[in-house]
file model_10.txt (compact mmCIF, N, CA, C and O atoms)
# COMPACT_ATOMS: atom_id res chain seq x y z
N MET A 1 -17.70 -0.09 5.57
CA MET A 1 -16.51 -0.90 5.38
C MET A 1 -15.48 -0.52 6.43
O MET A 1 -15.26 0.65 6.72
N LEU A 2 -14.85 -1.51 6.99
CA LEU A 2 -13.77 -1.27 7.93
C LEU A 2 -12.56 -0.74 7.18
O LEU A 2 -12.29 -1.16 6.05
N ARG A 3 -11.84 0.17 7.82
CA ARG A 3 -10.64 0.72 7.21
C ARG A 3 -9.44 0.39 8.08
O ARG A 3 -9.53 0.45 9.30
N PRO A 4 -8.33 0.06 7.44
CA PRO A 4 -7.12 -0.24 8.22
C PRO A 4 -6.57 1.03 8.86
O PRO A 4 -6.85 2.15 8.40
N HIS A 5 -5.80 0.85 9.90
CA HIS A 5 -5.17 1.97 10.59
C HIS A 5 -4.25 2.70 9.60
O HIS A 5 -3.58 2.08 8.78
N PRO A 6 -4.21 4.03 9.67
CA PRO A 6 -3.37 4.80 8.75
C PRO A 6 -1.90 4.39 8.75
O PRO A 6 -1.26 4.39 7.70
N SER A 7 -1.37 4.00 9.90
CA SER A 7 0.05 3.59 9.92
C SER A 7 0.25 2.30 9.13
O SER A 7 1.28 2.11 8.49
N PHE A 8 -0.75 1.41 9.15
CA PHE A 8 -0.68 0.18 8.36
C PHE A 8 -0.69 0.50 6.87
O PHE A 8 0.10 -0.04 6.10
N VAL A 9 -1.58 1.40 6.48
CA VAL A 9 -1.67 1.82 5.07
C VAL A 9 -0.35 2.47 4.64
O VAL A 9 0.18 2.18 3.56
N HIS A 10 0.18 3.33 5.49
CA HIS A 10 1.45 3.98 5.19
C HIS A 10 2.56 2.94 4.99
O HIS A 10 3.33 3.03 4.03
N ASP A 11 2.61 1.96 5.87
CA ASP A 11 3.63 0.91 5.76
C ASP A 11 3.46 0.11 4.47
O ASP A 11 4.46 -0.25 3.82
N LEU A 12 2.23 -0.17 4.09
CA LEU A 12 1.99 -0.89 2.83
C LEU A 12 2.51 -0.09 1.63
O LEU A 12 3.16 -0.65 0.74
N LEU A 13 2.22 1.21 1.62
CA LEU A 13 2.70 2.05 0.52
C LEU A 13 4.22 2.13 0.49
O LEU A 13 4.82 2.07 -0.59
N GLU A 14 4.83 2.25 1.64
CA GLU A 14 6.30 2.31 1.73
C GLU A 14 6.91 0.99 1.23
O GLU A 14 7.88 1.01 0.47
N THR A 15 6.35 -0.12 1.68
CA THR A 15 6.87 -1.42 1.27
C THR A 15 6.71 -1.62 -0.23
O THR A 15 7.62 -2.11 -0.90
N HIS A 16 5.57 -1.23 -0.76
CA HIS A 16 5.34 -1.35 -2.19
C HIS A 16 6.37 -0.54 -2.98
O HIS A 16 6.97 -1.03 -3.94
N ALA A 17 6.61 0.69 -2.57
CA ALA A 17 7.59 1.55 -3.26
C ALA A 17 8.99 0.95 -3.17
O ALA A 17 9.74 0.95 -4.16
N THR A 18 9.34 0.44 -2.02
CA THR A 18 10.66 -0.18 -1.84
C THR A 18 10.83 -1.39 -2.74
O THR A 18 11.87 -1.56 -3.39
N LEU A 19 9.79 -2.22 -2.79
CA LEU A 19 9.87 -3.42 -3.63
C LEU A 19 9.91 -3.07 -5.12
O LEU A 19 10.60 -3.74 -5.89
N ARG A 20 9.18 -2.03 -5.53
CA ARG A 20 9.22 -1.62 -6.95
C ARG A 20 10.63 -1.15 -7.31
O ARG A 20 11.15 -1.48 -8.38
N ALA A 21 11.25 -0.40 -6.42
CA ALA A 21 12.63 0.07 -6.67
C ALA A 21 13.59 -1.11 -6.72
O ALA A 21 14.48 -1.16 -7.58
N ARG A 22 13.38 -2.05 -5.81
CA ARG A 22 14.24 -3.24 -5.80
C ARG A 22 14.05 -4.07 -7.05
O ARG A 22 15.01 -4.62 -7.61
N GLN A 23 12.81 -4.16 -7.52
CA GLN A 23 12.53 -4.93 -8.74
C GLN A 23 13.22 -4.31 -9.94
O GLN A 23 13.67 -5.02 -10.84
N ALA A 24 13.31 -2.99 -9.97
CA ALA A 24 13.99 -2.31 -11.08
C ALA A 24 15.47 -2.67 -11.12
O ALA A 24 16.08 -2.69 -12.19
N GLN A 25 16.05 -2.98 -9.95
CA GLN A 25 17.47 -3.35 -9.88
C GLN A 25 17.68 -4.84 -10.02
O GLN A 25 18.66 -5.28 -10.59
N GLU A 26 16.76 -5.61 -9.45
CA GLU A 26 16.92 -7.06 -9.38
C GLU A 26 15.56 -7.72 -9.53
O GLU A 26 14.78 -7.77 -8.58
N ASP A 27 15.24 -8.19 -10.71
CA ASP A 27 13.93 -8.79 -10.96
C ASP A 27 13.98 -10.28 -10.66
O ASP A 27 13.93 -11.12 -11.54
N SER A 28 14.06 -10.61 -9.36
CA SER A 28 14.14 -12.01 -8.95
C SER A 28 12.75 -12.54 -8.62
O SER A 28 11.79 -11.78 -8.42
N ALA A 29 12.66 -13.85 -8.53
CA ALA A 29 11.40 -14.50 -8.18
C ALA A 29 10.95 -14.07 -6.78
O ALA A 29 9.76 -13.87 -6.52
N GLU A 30 11.89 -13.90 -5.87
CA GLU A 30 11.57 -13.51 -4.50
C GLU A 30 10.97 -12.10 -4.46
O GLU A 30 9.97 -11.86 -3.78
N VAL A 31 11.55 -11.17 -5.20
CA VAL A 31 11.03 -9.80 -5.24
C VAL A 31 9.64 -9.79 -5.87
O VAL A 31 8.73 -9.13 -5.37
N ARG A 32 9.46 -10.54 -6.96
CA ARG A 32 8.14 -10.61 -7.61
C ARG A 32 7.10 -11.20 -6.67
O ARG A 32 5.98 -10.71 -6.59
N ARG A 33 7.47 -12.25 -5.92
CA ARG A 33 6.54 -12.87 -4.97
C ARG A 33 6.14 -11.89 -3.87
O ARG A 33 4.96 -11.74 -3.56
N ARG A 34 7.12 -11.18 -3.33
CA ARG A 34 6.82 -10.20 -2.28
C ARG A 34 5.98 -9.05 -2.82
O ARG A 34 5.09 -8.55 -2.14
N LEU A 35 6.25 -8.64 -4.06
CA LEU A 35 5.46 -7.58 -4.67
C LEU A 35 4.02 -8.06 -4.91
O LEU A 35 3.07 -7.30 -4.67
N ASP A 36 3.86 -9.29 -5.34
CA ASP A 36 2.51 -9.85 -5.50
C ASP A 36 1.78 -9.89 -4.15
O ASP A 36 0.60 -9.55 -4.07
N ASP A 37 2.48 -10.28 -3.10
CA ASP A 37 1.88 -10.34 -1.77
C ASP A 37 1.44 -8.96 -1.29
O ASP A 37 0.33 -8.80 -0.77
N ILE A 38 2.29 -7.96 -1.46
CA ILE A 38 1.96 -6.62 -0.97
C ILE A 38 0.84 -6.02 -1.83
O ILE A 38 -0.02 -5.30 -1.32
N THR A 39 0.82 -6.34 -3.12
CA THR A 39 -0.26 -5.89 -3.99
C THR A 39 -1.59 -6.47 -3.53
O THR A 39 -2.59 -5.76 -3.42
N TYR A 40 -1.59 -7.77 -3.24
CA TYR A 40 -2.80 -8.43 -2.75
C TYR A 40 -3.27 -7.77 -1.44
O TYR A 40 -4.45 -7.46 -1.27
N THR A 41 -2.35 -7.54 -0.53
CA THR A 41 -2.69 -6.94 0.76
C THR A 41 -3.24 -5.53 0.59
O THR A 41 -4.20 -5.13 1.26
N LEU A 42 -2.64 -4.76 -0.30
CA LEU A 42 -3.16 -3.42 -0.59
C LEU A 42 -4.59 -3.48 -1.12
O LEU A 42 -5.45 -2.71 -0.69
N CYS A 43 -4.83 -4.40 -2.04
CA CYS A 43 -6.17 -4.52 -2.61
C CYS A 43 -7.20 -4.93 -1.56
O CYS A 43 -8.28 -4.35 -1.47
N VAL A 44 -6.87 -5.92 -0.74
CA VAL A 44 -7.79 -6.37 0.30
C VAL A 44 -8.02 -5.25 1.32
O VAL A 44 -9.16 -4.99 1.72
N SER A 45 -6.96 -4.57 1.70
CA SER A 45 -7.06 -3.52 2.72
C SER A 45 -7.87 -2.32 2.27
O SER A 45 -8.47 -1.62 3.09
N THR A 46 -7.88 -2.07 0.97
CA THR A 46 -8.59 -0.91 0.44
C THR A 46 -9.92 -1.28 -0.21
O THR A 46 -10.66 -0.40 -0.65
N GLY A 47 -10.22 -2.56 -0.30
CA GLY A 47 -11.47 -3.00 -0.90
C GLY A 47 -11.51 -2.78 -2.40
O GLY A 47 -12.57 -2.52 -2.97
N THR A 48 -10.36 -2.90 -3.04
CA THR A 48 -10.27 -2.70 -4.49
C THR A 48 -9.79 -3.99 -5.16
O THR A 48 -9.41 -4.95 -4.50
N ARG A 49 -9.79 -3.97 -6.49
CA ARG A 49 -9.41 -5.16 -7.24
C ARG A 49 -8.16 -5.00 -8.10
O ARG A 49 -7.65 -5.97 -8.63
N THR A 50 -7.70 -3.76 -8.27
CA THR A 50 -6.51 -3.54 -9.09
C THR A 50 -5.49 -2.75 -8.30
O THR A 50 -5.83 -2.01 -7.36
N LEU A 51 -4.24 -2.89 -8.68
CA LEU A 51 -3.17 -2.18 -7.99
C LEU A 51 -3.35 -0.66 -8.09
O LEU A 51 -3.23 0.05 -7.09
N ASP A 52 -3.67 -0.17 -9.28
CA ASP A 52 -3.85 1.28 -9.44
C ASP A 52 -4.95 1.81 -8.53
O ASP A 52 -4.79 2.85 -7.88
N ALA A 53 -6.06 1.09 -8.45
CA ALA A 53 -7.15 1.52 -7.58
C ALA A 53 -6.75 1.44 -6.11
O ALA A 53 -7.09 2.32 -5.31
N ALA A 54 -6.01 0.40 -5.75
CA ALA A 54 -5.56 0.23 -4.36
C ALA A 54 -4.61 1.35 -3.96
O ALA A 54 -4.73 1.91 -2.87
N LEU A 55 -3.67 1.69 -4.84
CA LEU A 55 -2.73 2.77 -4.54
C LEU A 55 -3.46 4.10 -4.40
O LEU A 55 -3.19 4.87 -3.47
N ALA A 56 -4.39 4.37 -5.30
CA ALA A 56 -5.15 5.62 -5.24
C ALA A 56 -5.98 5.68 -3.96
O ALA A 56 -6.02 6.72 -3.29
N SER A 57 -6.62 4.58 -3.61
CA SER A 57 -7.44 4.55 -2.41
C SER A 57 -6.59 4.72 -1.16
O SER A 57 -6.95 5.47 -0.25
N ALA A 58 -5.46 4.04 -1.10
CA ALA A 58 -4.58 4.14 0.07
C ALA A 58 -4.06 5.57 0.22
O ALA A 58 -4.06 6.12 1.33
N ARG A 59 -3.67 6.17 -0.87
CA ARG A 59 -3.18 7.56 -0.81
C ARG A 59 -4.29 8.51 -0.39
O ARG A 59 -4.08 9.44 0.39
N ALA A 60 -5.49 8.28 -0.89
CA ALA A 60 -6.63 9.12 -0.52
C ALA A 60 -6.95 8.97 0.97
O ALA A 60 -7.26 9.95 1.64
N GLN A 61 -6.87 7.75 1.47
CA GLN A 61 -7.11 7.53 2.90
C GLN A 61 -6.10 8.29 3.74
O GLN A 61 -6.47 8.93 4.73
N LEU A 62 -4.85 8.26 3.34
CA LEU A 62 -3.82 8.97 4.10
C LEU A 62 -3.98 10.48 3.97
O LEU A 62 -3.77 11.21 4.94
N THR A 63 -4.38 10.95 2.81
CA THR A 63 -4.62 12.38 2.63
C THR A 63 -5.77 12.81 3.52
O THR A 63 -5.72 13.87 4.14
N GLY A 64 -6.80 12.00 3.63
CA GLY A 64 -7.93 12.30 4.51
C GLY A 64 -7.51 12.37 5.96
O GLY A 64 -7.98 13.22 6.71
N VAL A 65 -6.60 11.50 6.35
CA VAL A 65 -6.11 11.50 7.73
C VAL A 65 -5.34 12.78 8.00
O VAL A 65 -5.54 13.44 9.01
N VAL A 66 -4.49 13.18 7.06
CA VAL A 66 -3.72 14.41 7.22
C VAL A 66 -4.67 15.61 7.26
O VAL A 66 -4.53 16.49 8.10
N SER A 67 -5.67 15.62 6.38
CA SER A 67 -6.62 16.73 6.33
C SER A 67 -7.40 16.84 7.64
O SER A 67 -7.60 17.93 8.15
N GLN A 68 -7.85 15.73 8.18
CA GLN A 68 -8.58 15.74 9.44
C GLN A 68 -7.69 16.22 10.58
O GLN A 68 -8.12 17.00 11.42
N ALA A 69 -6.45 15.78 10.60
CA ALA A 69 -5.53 16.19 11.66
C ALA A 69 -5.27 17.68 11.59
O ALA A 69 -5.24 18.38 12.59
N ASP A 70 -5.11 18.20 10.38
CA ASP A 70 -4.86 19.63 10.20
C ASP A 70 -6.08 20.47 10.57
O ASP A 70 -5.95 21.58 11.04
N SER A 71 -7.27 19.92 10.37
CA SER A 71 -8.47 20.68 10.64
C SER A 71 -8.91 20.62 12.11
O SER A 71 -9.84 21.30 12.51
N GLY A 72 -8.24 19.75 12.87
CA GLY A 72 -8.61 19.61 14.26
C GLY A 72 -9.75 18.65 14.50
O GLY A 72 -10.26 18.52 15.60
N LEU A 73 -10.19 17.92 13.44
CA LEU A 73 -11.30 16.99 13.57
C LEU A 73 -10.88 15.64 14.13
O LEU A 73 -11.70 14.89 14.61
N ALA A 74 -9.61 15.34 14.04
CA ALA A 74 -9.14 14.05 14.54
C ALA A 74 -9.22 14.03 16.06
O ALA A 74 -8.87 15.00 16.72
N ALA A 75 -9.67 12.92 16.58
CA ALA A 75 -9.83 12.83 18.04
C ALA A 75 -8.60 12.24 18.67
O ALA A 75 -7.89 11.47 18.17
call {"tool": "encode", "arguments": {"input": "model_10.txt", "output": "structure tokens"}}
result
Amino acid sequence: MLRPHPSFVHDLLETHATLRARQAQEDSAEVRRRLDDITYTLCVSTGTRTLDAALASARAQLTGVVSQADSGLAA
């Protein structure tokens, strides 16, 4: 399976967190639509079907990138 670039995954997670915080303050149709869009993108990018699985997969991918960089395996 192809994997998205780590910076893309990081941006998706950041955007998701920002939108969740914004939704807690202002539950508008626009915020819900953007949150639905980012949720869909996270799921497609991680090859998962649920938000929880997508978030876990994205975080695991980023942890793997950090681990490889720390170990000197990253090229």
call {"tool": "atom_distance", "arguments": {"input": "model_10.txt", "atom1": "atom C of A:Thr50", "atom2": "atom O of A:Leu12"}}
result
12.7 Å
call {"tool": "atom_distance", "arguments": {"input": "model_10.txt", "atom1": "atom O of A:Cys43", "atom2": "atom C of A:Leu19"}}
result
18.6 Å
call {"tool": "closest_residue", "arguments": {"input": "model_10.txt", "among": "A:Ala24, A:Ala60, A:Leu55, A:Thr18", "to": "A:Thr39", "atoms": "all atoms listed in the file"}}
result
A:Leu55
call {"tool": "atom_distance", "arguments": {"input": "model_10.txt", "atom1": "atom CA of A:Val65", "atom2": "atom O of A:Val31"}}
result
28.6 Å
call {"tool": "closest_residue", "arguments": {"input": "model_10.txt", "among": "A:Leu2, A:Leu35, A:Ala17, A:Val9", "to": "A:Ala58", "atoms": "all atoms listed in the file"}}
result
A:Val9
call {"tool": "closest_residue", "arguments": {"input": "model_10.txt", "among": "A:Arg3, A:Tyr40, A:Arg22, A:Ser28", "to": "A:Ala53", "atoms": "only C-alpha atoms"}}
result
A:Tyr40
call {"tool": "axis_aligned_box", "arguments": {"input": "model_10.txt", "around": "stretch 58-65 of chain A", "padding_each_side": "4 Å", "output": "JSON"}}
result
{"center_x": -5.6, "center_y": 9.0, "center_z": 4.0, "size_x": 12.8, "size_y": 17.8, "size_z": 18.1}
call {"tool": "select_by_dssp", "arguments": {"input": "model_10.txt", "residues": "stretch 5-51 of chain A", "states": "helix (DSSP H, G or I)", "output": "ChimeraX atom specification"}}
result
/A:6-25,29-46,51
call {"tool": "residues_around", "arguments": {"input": "model_10.txt", "residues": "A:Pro4", "least_positions_apart": "3", "cutoff": "9 Å", "atoms": "only C-alpha atoms", "output": "list in words"}}
result
Ser7, Phe8, Val9, Ser45 and Thr46 of chain A
